[in-house]
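*Asks:* Here you go, this is model-v4.cif (mmCIF, C-alpha atoms).
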```
data_entry
#
loop_
_atom_site.label_atom_id
_atom_site.label_comp_id
_atom_site.auth_asym_id
_atom_site.auth_seq_id
_atom_site.Cartn_x
_atom_site.Cartn_y
_atom_site.Cartn_z
CA MET H 546 0.00 0.00 0.00
CA LYS H 547 1.40 3.38 -1.01
CA SER H 548 2.16 5.80 1.83
CA PRO H 549 -0.12 8.86 1.87
CA ILE H 550 3.06 10.94 1.93
CA ILE H 551 4.04 9.68 -1.53
CA LEU H 552 2.12 11.68 -4.13
CA HIS H 553 3.59 10.72 -7.47
CA THR H 554 6.62 9.55 -9.44
CA ILE H 555 7.74 10.66 -12.90
CA THR H 556 10.13 8.45 -14.86
CA ALA H 557 9.52 9.54 -18.46
CA LEU H 558 9.52 12.83 -20.33
CA ASP H 559 6.09 12.27 -21.81
CA GLN H 560 4.52 12.25 -18.33
CA PHE H 561 5.11 15.92 -17.57
CA GLU H 562 2.45 17.61 -19.65
CA ASN H 563 -0.32 15.18 -18.75
CA ASP H 564 0.57 15.00 -15.06
CA PHE H 565 0.84 18.75 -14.52
CA LYS H 566 -2.19 19.68 -16.61
CA GLY H 567 -4.24 16.68 -15.52
CA SER H 568 -5.60 15.39 -12.25
CA VAL H 569 -2.24 14.67 -10.59
CA PHE H 570 -1.08 18.26 -10.04
CA ARG H 571 -3.69 20.54 -11.62
CA ASP H 572 -5.25 21.46 -8.27
CA ARG H 573 -2.09 21.19 -6.16
CA THR H 574 -0.90 24.75 -5.58
CA GLU H 575 1.43 24.12 -2.64
CA ARG H 576 4.98 25.42 -2.87
CA ARG H 577 7.46 22.94 -4.32
CA ILE H 578 10.77 22.48 -2.53
CA ALA H 579 13.17 20.49 -4.69
CA LEU H 580 16.21 18.49 -3.57
CA VAL H 581 19.04 17.73 -5.94
CA GLY H 582 22.59 16.52 -5.45
CA ARG H 583 25.37 14.22 -6.48
CA SER H 584 24.86 10.49 -6.06
CA ASN H 585 25.86 9.36 -2.54
CA VAL H 586 25.45 12.85 -1.06
CA GLY H 587 22.76 11.61 1.31
CA LYS H 588 19.72 13.01 -0.50
CA SER H 589 17.33 10.16 0.31
CA SER H 590 18.39 10.14 3.96
CA LEU H 591 17.77 13.88 4.20
CA ALA H 592 14.37 13.56 2.50
CA ASN H 593 13.38 10.89 5.02
CA ALA H 594 14.56 13.03 7.93
CA LEU H 595 12.59 16.05 6.70
CA LEU H 596 9.45 14.02 6.03
CA GLY H 597 9.70 12.09 9.28
CA ALA H 598 9.15 8.79 7.48
CA GLN H 599 11.16 6.19 5.57
CA VAL H 600 9.64 6.84 2.16
CA ALA H 601 12.66 7.73 0.01
CA LYS H 602 14.67 4.60 -0.76
CA VAL H 603 18.36 4.70 0.01
CA SER H 604 19.62 2.83 -3.05
CA SER H 605 22.46 0.32 -3.00
CA SER H 606 23.05 1.26 -6.66
CA PRO H 607 23.49 5.05 -6.64
CA GLY H 608 22.82 6.80 -9.92
CA LYS H 609 20.86 3.86 -11.33
CA THR H 610 17.36 5.28 -10.94
CA LYS H 611 16.36 8.36 -12.89
CA ALA H 612 13.04 9.57 -11.55
CA LEU H 613 11.34 12.49 -9.82
CA HIS H 614 9.52 11.64 -6.60
CA PHE H 615 6.89 13.96 -5.12
CA TYR H 616 6.05 13.86 -1.39
CA ASP H 617 3.34 15.59 0.62
CA TRP H 618 5.35 17.58 3.21
CA LYS H 619 2.55 18.78 5.44
CA LYS H 620 4.84 20.09 8.18
CA VAL H 621 5.94 23.04 6.03
CA LYS H 622 2.85 23.09 3.79
CA ALA H 623 4.77 22.12 0.68
CA ILE H 624 5.46 19.33 -1.77
CA LEU H 625 8.99 17.96 -1.51
CA VAL H 626 10.40 17.04 -4.92
CA ASP H 627 13.25 14.54 -4.90
CA LEU H 628 15.10 15.12 -8.17
CA PRO H 629 17.36 12.38 -9.59
CA GLY H 630 20.98 12.40 -8.50
CA TYR H 631 23.85 13.28 -10.78
CA GLY H 632 27.51 12.46 -11.11
CA PHE H 633 27.54 8.68 -10.59
CA ALA H 634 30.90 7.54 -11.96
CA ALA H 635 29.58 4.55 -13.91
CA GLU H 636 26.74 6.30 -15.69
CA SER H 637 26.80 6.70 -19.46
CA LYS H 638 26.59 9.91 -21.49
CA GLU H 639 23.07 8.85 -22.48
CA SER H 640 22.13 8.63 -18.81
CA ARG H 641 23.65 12.05 -18.06
CA ASP H 642 21.76 13.57 -20.99
CA PHE H 643 18.52 12.02 -19.76
CA TRP H 644 19.10 13.56 -16.31
CA GLN H 645 19.39 17.01 -17.89
CA GLU H 646 16.29 16.44 -20.03
CA LEU H 647 14.26 15.36 -16.98
CA ILE H 648 15.40 18.34 -14.92
CA SER H 649 14.80 20.79 -17.77
CA ALA H 650 11.31 19.43 -18.39
CA TYR H 651 10.46 19.73 -14.71
CA LEU H 652 11.76 23.30 -14.39
CA GLU H 653 9.74 24.36 -17.42
CA VAL H 654 6.44 22.90 -16.29
CA ASP H 655 6.22 23.38 -12.50
CA ILE H 656 5.18 26.99 -11.89
CA HIS H 657 5.02 26.41 -8.14
CA LEU H 658 8.73 25.67 -7.63
CA ALA H 659 9.70 27.95 -4.71
CA GLU H 660 12.95 26.51 -3.37
CA LEU H 661 15.84 24.62 -4.95
CA LEU H 662 18.10 22.90 -2.43
CA ILE H 663 21.42 21.72 -3.85
CA LEU H 664 23.11 19.17 -1.60
CA ILE H 665 26.88 19.18 -1.15
CA ASP H 666 28.95 16.65 0.82
CA SER H 667 30.51 18.60 3.71
CA ARG H 668 33.63 16.43 3.59
CA HIS H 669 34.53 17.39 0.03
CA GLY H 670 32.91 20.70 -0.89
CA PHE H 671 32.26 21.29 -4.60
CA LEU H 672 33.46 18.46 -6.80
CA ASP H 673 33.54 18.76 -10.59
CA LYS H 674 30.03 17.35 -11.01
CA ASP H 675 28.70 19.75 -8.38
CA LEU H 676 30.21 22.68 -10.25
CA GLU H 677 28.60 21.48 -13.48
CA ALA H 678 25.21 21.29 -11.78
CA LEU H 679 25.60 24.65 -10.04
CA ARG H 680 26.55 26.32 -13.32
CA TYR H 681 23.64 24.60 -15.05
CA PHE H 682 21.10 25.93 -12.54
CA SER H 683 22.76 29.35 -12.40
CA GLY H 684 22.65 29.51 -16.18
CA LYS H 685 18.90 29.09 -15.98
CA GLY H 686 18.72 32.07 -13.66
CA LEU H 687 17.61 30.04 -10.65
CA LYS H 688 18.17 30.99 -7.01
CA PHE H 689 19.12 28.18 -4.65
CA ARG H 690 20.19 27.21 -1.15
CA LEU H 691 23.20 25.01 -0.52
CA ILE H 692 22.71 22.19 1.96
CA TYR H 693 25.98 20.76 3.26
CA THR H 694 25.23 17.17 4.30
CA LYS H 695 27.10 14.78 6.60
CA TRP H 696 28.41 17.63 8.76
CA ASP H 697 28.80 15.18 11.64
CA GLN H 698 31.52 13.43 9.65
CA VAL H 699 33.71 16.52 9.71
CA LYS H 700 35.01 15.64 13.13
CA THR H 701 37.50 18.15 14.51
CA GLN H 702 37.29 21.88 15.04
CA SER H 703 40.32 22.29 12.78
CA ASP H 704 38.68 20.30 9.96
CA ARG H 705 35.46 22.26 10.37
CA ALA H 706 37.32 25.57 10.17
CA LYS H 707 39.06 24.41 6.98
CA ALA H 708 35.75 23.27 5.48
CA GLU H 709 34.09 26.59 6.30
CA LYS H 710 36.95 28.52 4.67
CA ARG H 711 36.83 26.28 1.58
CA ASP H 712 33.06 26.71 1.33
CA ARG H 713 33.23 30.51 1.53
CA GLU H 714 35.76 30.57 -1.27
CA GLN H 715 33.77 28.17 -3.46
CA GLN H 716 30.49 29.99 -2.90
CA ALA H 717 31.90 33.26 -4.28
CA GLU H 718 31.28 32.20 -7.90
CA PHE H 719 27.57 31.79 -7.21
CA LYS H 720 26.88 34.73 -4.90
CA GLU H 721 24.21 36.17 -7.24
CA HIS H 722 22.22 32.93 -7.12
CA LEU H 723 22.93 31.68 -3.59
CA THR H 724 20.25 32.73 -1.11
CA SER H 725 21.62 30.91 1.95
CA PHE H 726 23.40 27.77 3.08
CA HIS H 727 22.89 25.25 5.87
CA ARG H 728 25.00 22.53 7.46
CA VAL H 729 23.05 19.42 8.39
CA SER H 730 23.39 15.88 9.58
CA THR H 731 20.63 13.32 9.68
CA GLN H 732 22.22 12.24 13.00
CA ASP H 733 21.57 15.70 14.47
CA SER H 734 17.86 16.42 14.80
CA ARG H 735 18.55 20.05 15.73
CA SER H 736 20.15 20.74 12.33
CA ILE H 737 17.12 19.21 10.59
CA GLN H 738 14.75 21.31 12.70
CA LEU H 739 16.65 24.49 11.82
CA LEU H 740 16.42 23.68 8.12
CA GLU H 741 12.69 23.00 8.45
CA LYS H 742 12.25 26.35 10.18
CA ALA H 743 14.10 28.13 7.39
CA LEU H 744 11.84 26.50 4.80
CA ALA H 745 8.57 27.08 6.63
CA PRO H 746 6.09 29.49 4.99
CA THR H 747 6.55 33.11 6.02
CA VAL H 748 2.82 33.87 6.21
#
```
Please re-express this file's structure in structure tokens.

*Replies:*
Amino acid sequence: MKSPIILHTITALDQFENDFKGSVFRDRTERRIALVGRSNVGKSSLANALLGAQVAKVSSSPGKTKALHFYDWKKVKAILVDLPGYGFAAESKESRDFWQELISAYLEVDIHLAELLILIDSRHGFLDKDLEALRYFSGKGLKFRLIYTKWDQVKTQSDRAKAEKRDREQQAEFKEHLTSFHRVSTQDSRSIQLLEKALAPTV
């Protein structure tokens, strides 16, 4: 039985027009908050922590599934959109192209997209695939928040200071598009609560 939190899944380009103009999303006017990030960045784990339920599958084959998952996130009166991950080392050019086609189709059709959260592994900062994605979204004129995941795995004060310095330097390229950034760990409920508060409706 499907969880009531799970609203819909899109796996093919030809679904977009029918799903957004038809009964699936036609009357759903809630804000969309979209998550996107490199494979293995902890996107599914973060989605589960935000939703308070184990609905996003943590895959043993990262990068294999290319789909958009939509969840009813009642706590912040929004729909959470789990976009497919990027940057899995073994994926083909055809798979990478399909990722871009899926993302482009979604961005064009969903007029209620309010927040784009780009996940970055706190241990590494921007890798090449992250930079490609950031430049892709910036090139489309989109604003976004950066969510640094796995902050608990940056153990020492010295390592955290180095990571913070690295992040400030890397963020400079995207200052016109970056609205804010957050450091989170699914092992630290306080960090999840602070992110939820930041994403809550202002009215």

*Asks:* Report, in Å with one decimal, the straight-line distance from CA of Lys742 in chain H to CA of Leu723 in chain H.

*Replies:*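 About the pair CA of Lys742 in chain H and CA of Leu723 in chain H: they are 18.2 Å apart.
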
*Asks:* Which one of H:Leu552, H:Leu591, H:Tyr651, H:Asn585 sits closest to Val569 in chain H if you count all atoms listed in the file?

*Replies:*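 Answer, going by the shortest atom-to-atom distance: H:Leu552.
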
*Asks:* Fewer than 4 positions away in the same chain doesn't count, so skip those; otherwise give me all residues within 7 Å of range 614-624 of chain H, counting only C-alpha atoms, as a compact mmCIF listing (two decimals) with C-alpha atoms, in the frame of the given file.

*Replies:*
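Result saved to around17.txt:
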```txt
# COMPACT_ATOMS: atom_id res chain seq x y z
CA ILE H 550 3.06 10.94 1.93
CA ILE H 551 4.04 9.68 -1.53
CA LEU H 552 2.12 11.68 -4.13
CA HIS H 553 3.59 10.72 -7.47
CA THR H 554 6.62 9.55 -9.44
CA ILE H 555 7.74 10.66 -12.90
CA GLU H 575 1.43 24.12 -2.64
CA ARG H 576 4.98 25.42 -2.87
CA ARG H 577 7.46 22.94 -4.32
CA ILE H 578 10.77 22.48 -2.53
CA LEU H 596 9.45 14.02 6.03
CA LEU H 628 15.10 15.12 -8.17
CA LEU H 744 11.84 26.50 4.80
CA ALA H 745 8.57 27.08 6.63
CA PRO H 746 6.09 29.49 4.99
```

*Asks:* For the file shown, what are the residues hit by the PyMOL selection byres ((chain H and resi 589) around 7), laid out as a list of chain:residue names?

*Replies:* H:Gly587, H:Lys588, H:Ser590, H:Leu591, H:Ala592, H:Asn593, H:Ala601, H:Lys602, H:Val603

*Asks:* Exactly which residues make up the result of the PyMOL selection byres ((chain H and resi 733) around 12) on this file, given as a PyMOL selection string?

*Replies:* chain H and resi 591+594-595+694-698+728-732+734-740

*Asks:* Given the PyMOL selection byres ((chain H and resi 715) around 12) and the file above, list the residues it selects as a count of residues only.

*Replies:* 23

*Asks:* Please report the interatomic distance between CA of Gly630 in chain H and CA of Thr701 in chain H in Å with one decimal.

*Replies:*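 Rounded to one decimal, the two atoms are 28.9 Å apart.
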